[in-house]
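J.: Take this structure first; my questions come after.
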Amino acid sequence: MTLRNILLGATMLCASATPAIAFAQDAAPADDSAVAVDDTDYGNDIIVTASKRSQTLQDTPVAVSVTSAAQLEESQIRDLIDLQTAVPSLRVSQLQSSANTNFIIRGFGNGANNAGIEPSVGVFIDGVYRSRSAAQIGDLPNVERIEVLRGPQSTLFGKNASAGVISIVTQKPQYEFGGSAEVTYGNFDAITVKGDVTGPISETVAFSIGGSYNRRDGYAQDLKLGTDVNDRNRWGVRGQLLFEPTDALSIRLIGDYDKIDENCCIAGNVIAGPTVAITNALAGGPSVDANNPFSYNVYNNFLSSNEIENYGGSGQIDYDLGNLALTSITAYRKVKALTNQDSDFTGADLIGENSQDLGINTFTQELRVTSDFDGPINFLLGGYYFNEKIRQKNDIRFGTQFRPYGDQLIRAASGNALNVALLEGTFGALEGAPTRYLGTFFRAGDGLDEAYRMKDEAFSIFGTLDFEVTDRLTLSFGGNYTKDRKNFSTNVISTDTFSGLNLDAPQYAPFRNQLLFQGGLAQTIGGPSVLNLGRSATAAEIGAFAAANPAAFAGISGQVQAFANANQNNPAANPLNGLKAFQFLPPFLNVPNSVEDGKTSDGDFSYSVRAAYEVTDTVNVYATYATGFKASSVNLSRDSRPLASDLAAITAAGLRTPNLATGSRFAAPEESTVYEFGIKGQWDVAAVNVAVFKQSIKGFQSNVFTGTGFALANAGKQSTFGIEFDGSVRPVEGLNLTLAATYLDAKYDSFVNSAFGDISGTTPAGIPALSMSMGATYTHEFAGGTKAIAHVDYSYESPVQIVEGLSGFPAGVVESLQREVNSLNASFTVRLTNGLDVGVWGRNLTNAQYLTTIFPAVAQAGSVSGYPSQPRTYGGTVRFKF
């Protein structure tokens with residue numbers, strides 16, 4: 001099915017999805033009042049506030065999709081991962097833990113799994129920025145709507161929003177007593193209980209309080225531990241107070257606490273490399289379900305744990321001065337996450353611990369004033385302050401079987417000429433201490449002790465100006481100046497003895513000479529050198545050759561010895577170079593130091609120009625040019641490395657540690673640009689929406705998992721040409737059809753220093769050319785008012801390469817690993833007039849299987865692991881509203 005056919009067919013139907021692209025018309029004073037949304041709305045009555053003004057969807061001056069509370073219920077959308085089935089321009093994936101969620105809009109986004117990297121897609125809940133967001137929304141009481149703003153939004157938001165914004169809005173407390181209670185039961189013994197109550201305390205004070213409990217057995221099986229894994233166990237409570245002492249003054253206080261305690265996330269074996277035979281032997285049986293990630297069968301030595309607390313409070317003050325409205329939002333949030341994972345994902349005890357203790361404290365303050373003049377000019381002016389402190393402690397330690405595992409790797413790499421015990425004795429003897437290293441290489445419990453700190457302080461001044469040139473033409477101008485400063489430090493200590501050896505050191509010259517001589521004979525007489533895989537002449541074969549050809553052997557020996565003598569201190573010819581691949585956790589150069597100060601300071605002015613023209617009462621066109629900004633991101637991982645340009649100064653200062661590699665401590669800022677043109681038609685029973693855009697980011701911050709840490713680098717430029725189509729149509733009473741489709745043509749215009757070399761001109765991984773979702777909802781009302789509501793929706797993503805590359809794999813392997821998504825969801829609900837709903841639902845009913853991402857297996861060259869998609873889920877829900 002081609003994009004052209006989809007667009008043509010949808011246009012003939014005059015169909016456009018409920019999430020709609022909107023644009024500027026009249027400015028309204030800021031107000032977050034709850035607005036009821038039902039199936040009949042086509043945008044005229046849906047209120048959105050993500051543009052910092054309370055406006056109808058049609059009048060909002062940005063490209064925005066809105067998913068209403070009714071849609072969330074009908075589609076059983078319970079977290080942001082599910083939301084992508086309704087918004088094709090949005091892609092969400094959960095990675096290493098329950099709190100690691102990556103958001104991508106129009107092919108742009110990053111940030112998960114590395115606490116020093118803020119996402120390019122900003123997440124806000126009731127106007128409060130969530131710098132690190134877990135993937136849960138269904139546990140929030142009374143979600144009123146979710147707004148997804150596409151493209152750079154820096155002129156409206158005071159913090160990173162270079163790719164877009166997800167804004168979650170919950171309902172305010174009401175002055176009429178009411179509430180709801182909901183119980184859901186599904187497969188895997190899933191139980192969800194939710195409830196909320198709202199009502200008046202006095203004529204000027206109202207309250208609401210809600211809570212949720214959400215648990216589910218794991219949908220995967222750990223065959224070694226004999227238990228299910230990837231379970232769900234979380235609960236939360238949220239309370240609000242609304243004070244309205246006068247018609248002009250409103251104060252909204254919100255407090256919430258969420259707790260997660262679950263095991264997540266399994267990784268299946270995608271490619272079983274040569275090390276699997278070793279791990280199988282060490283495990284005494286299967287160590288992975290080889291080449292079968294969708295069996296949901298795994299082998300681990302201990303359960304992965306995720307203990308996450310997320311809590312905070314906010315206060316919003318709105319004051320109406322007549323033609324001006326003042327708004328202040330003050331918030332403090334804290335995230336505490338304690339996680340641990342068997343990160344080798346095998347039944348062998350290779351990685352005995354890979355834990356993280358993370359704490360994030362965030363304070364934000366926003367002030368803004370919005371005008372509501374009768375004249376042609378209105379404005380919004382605001383200021384934003386952000387202060388965040390991150391404390392992170394990591395530990396990665398070798399397990400009880402890593403020493404025999406390392407021994408087998410070295411034996412295999414050297415044709416059984418070398419082993420761990422031989423190396424320990426040899427290196428110690430050459431250093432004059434024969435027992436120094438005995439029993440220390442790959443020792444259980446050794447590894448890295450890591451500690452990171454970062455403080456981020458930023459402020460922004462932003463504003464927009466709307467000018468009504470005529471009754472039908474409105475011009476909008478926006479600007480944002482941001483200043484962002486980060487201070488970071490590391491305290492990383494390696495106890496991995498073998499990784500601390502400098503294999504090029506002068507004291508090891510005799511050993512290198514010996515290996516060069518032995519390898520030279522083996523290569524000349526029989527085959528490859530001693531540390532290369534493949535056939536080498538054996539000692540017996542060399543002896544037989546010497547006996548049969550004494551003169552020739554003497555000549556060969558003399559030449560080989562001369563080569564060994566000349567090259568024993570030549571790093572390029574070092575026969576120990578093959579061992580460097582097994583120096584997994586080398587000594588760390590900490591920051592700050594005399595060369596690297598551990599500081600970044602960024603400033604930028606972003607701006608936007610928009611024009612909206614009402615062609616007729618039902619057809620509008622609009623055009624936008626906007627820029628965006630995201631400050632530097634810091635690599636708070638064990639792959640933090642100095643820049644190549646700093647290496648000479650580090651060496652001159654005497655700071656260079658053994659086996660110090662180059663990389664990046666931080667990535668420079670992102671600067672985004674978008675050109676967008678759209679047309680929107682809206683009639684009594686249908687709406688159609690088409691947007692065409694060209695969006696690019698200079699300095700896109702790429703964050704790639706390398707198997708032990710993260711390689712953080714700036715792409716020169718990433719750009720995307722795209723077409724978005726949204727629409728809905730009601731052909732007969734009670735039936736609503738929706739369609740949304742996104743076409744993206746993305747490429748790296750320039751990316752010379754990626755983790756996989758120069759990939760300029762290639763298509764960024766994970767961005768499907770075509771994404772779409774289509775749905776149908778039929779509501780039948782019986783005599784007496786009882787309703788039956790049937791809903792079905794289908795989402796599709798065209799095949800796409802999952803990652804840019806995998807180190808050590810030949811061309812074609814990575815390209816063959818594709819992801820294609822076909823997901824079908826459905827629900828049926830009976831709604832009684834007394835407020836009782838009874839329904840059944842199912843998600844991913846076809847049990848579609850795909851990999852969300854893949855990565856090099858930890859310390860297992862040639863093997864690939866990946867996170868599989870969630871299998872089919874289904875259940876029933878009873879809901880009562882009063």
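Every chain in the structure tokens takes a letter, A first, then B, and so on in the order presented; its residues are numbered from 1, and the ligands are numbered from 1 following the presented order.
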Please provide as a list of chain:residue names all residues within 7 Å of Lys486 (chain A), with the sequence filter that same-chain residues fewer than 5 positions apart are discarded (counting only C-alpha atoms).
T.: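 Result of the neighbour search: A:Met454, A:Lys455, A:Asp456, A:Glu457, A:Lys599, A:Thr600, A:Ser601.
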J.: List every residue of region 247-284 of chain A that DSSP, applied to the backbone, labels as strand (DSSP E), and write the result as a ChimeraX atom specification.
T.: /A:249-262,268-271
J.: From a DSSP pass on the backbone, collect the residues of region 749-858 of chain A flagged as alpha helix (DSSP H) and hand them back as an NGL selection string.
T.: :A and (813-816)
J.: Between A:Ile396, A:Ala661, A:Ile117, A:Ala687, single out the one closest to Asn354 (chain A), counting only C-alpha atoms.
T.: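 The closest residue to Asn354 (chain A) is A:Ile396.
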J.: A:Ala652, A:Leu72, A:Ala544, A:Ala623: which is nearest Gly678 (chain A), counting only C-alpha atoms?
T.: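 Using only C-alpha atoms, Gly678 (chain A) sits closest to A:Ala623.
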J.: For Pro376 (chain A), find every residue with an atom within 8 Å (counting only C-alpha atoms), except residues of its own chain fewer than 5 positions away, and show them as a PDB file with C-alpha atoms, in the first residue's frame.
T.:
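Written file, out.pdb:
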```pdb
ATOM      1  CA  ASP A 466      -0.163  37.901  17.160  1.00  0.00           C
ATOM      2  CA  PHE A 467      -1.195  40.506  14.599  1.00  0.00           C
ATOM      3  CA  GLU A 468      -4.577  40.295  12.848  1.00  0.00           C
ATOM      4  CA  VAL A 469      -3.851  41.933   9.514  1.00  0.00           C
TER       5      VAL A 469
END
```
J.: Closest to Ala811 (chain A) among A:Ile254, A:Ile77, A:Pro592, A:Phe756, using only C-alpha atoms?
T.: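 Looking only at the distances to Ala811 (chain A), the closest residue turns out to be A:Phe756.
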J.: Smallest atom-to-atom distance to Val615 (chain A): which of A:Leu473, A:Ala715, A:Leu739, A:Ala564, using only C-alpha atoms?
T.: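 Counting only C-alpha atoms, the residue closest to Val615 (chain A) is A:Leu473.
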J.: Please determine, counting only C-alpha atoms, which residue among A:Glu671, A:Asp258, A:Asp222, A:Asp726 has the shortest atom-to-atom distance to Ala686 (chain A).
T.: A:Asp726
J.: Of the candidates A:Leu465, A:Val492, A:Ile802, A:Ala776, which one gets nearest to Leu585 (chain A) if we count only C-alpha atoms?
T.: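 Nearest candidate to Leu585 (chain A) out of A:Leu465, A:Val492, A:Ile802, A:Ala776: A:Val492.
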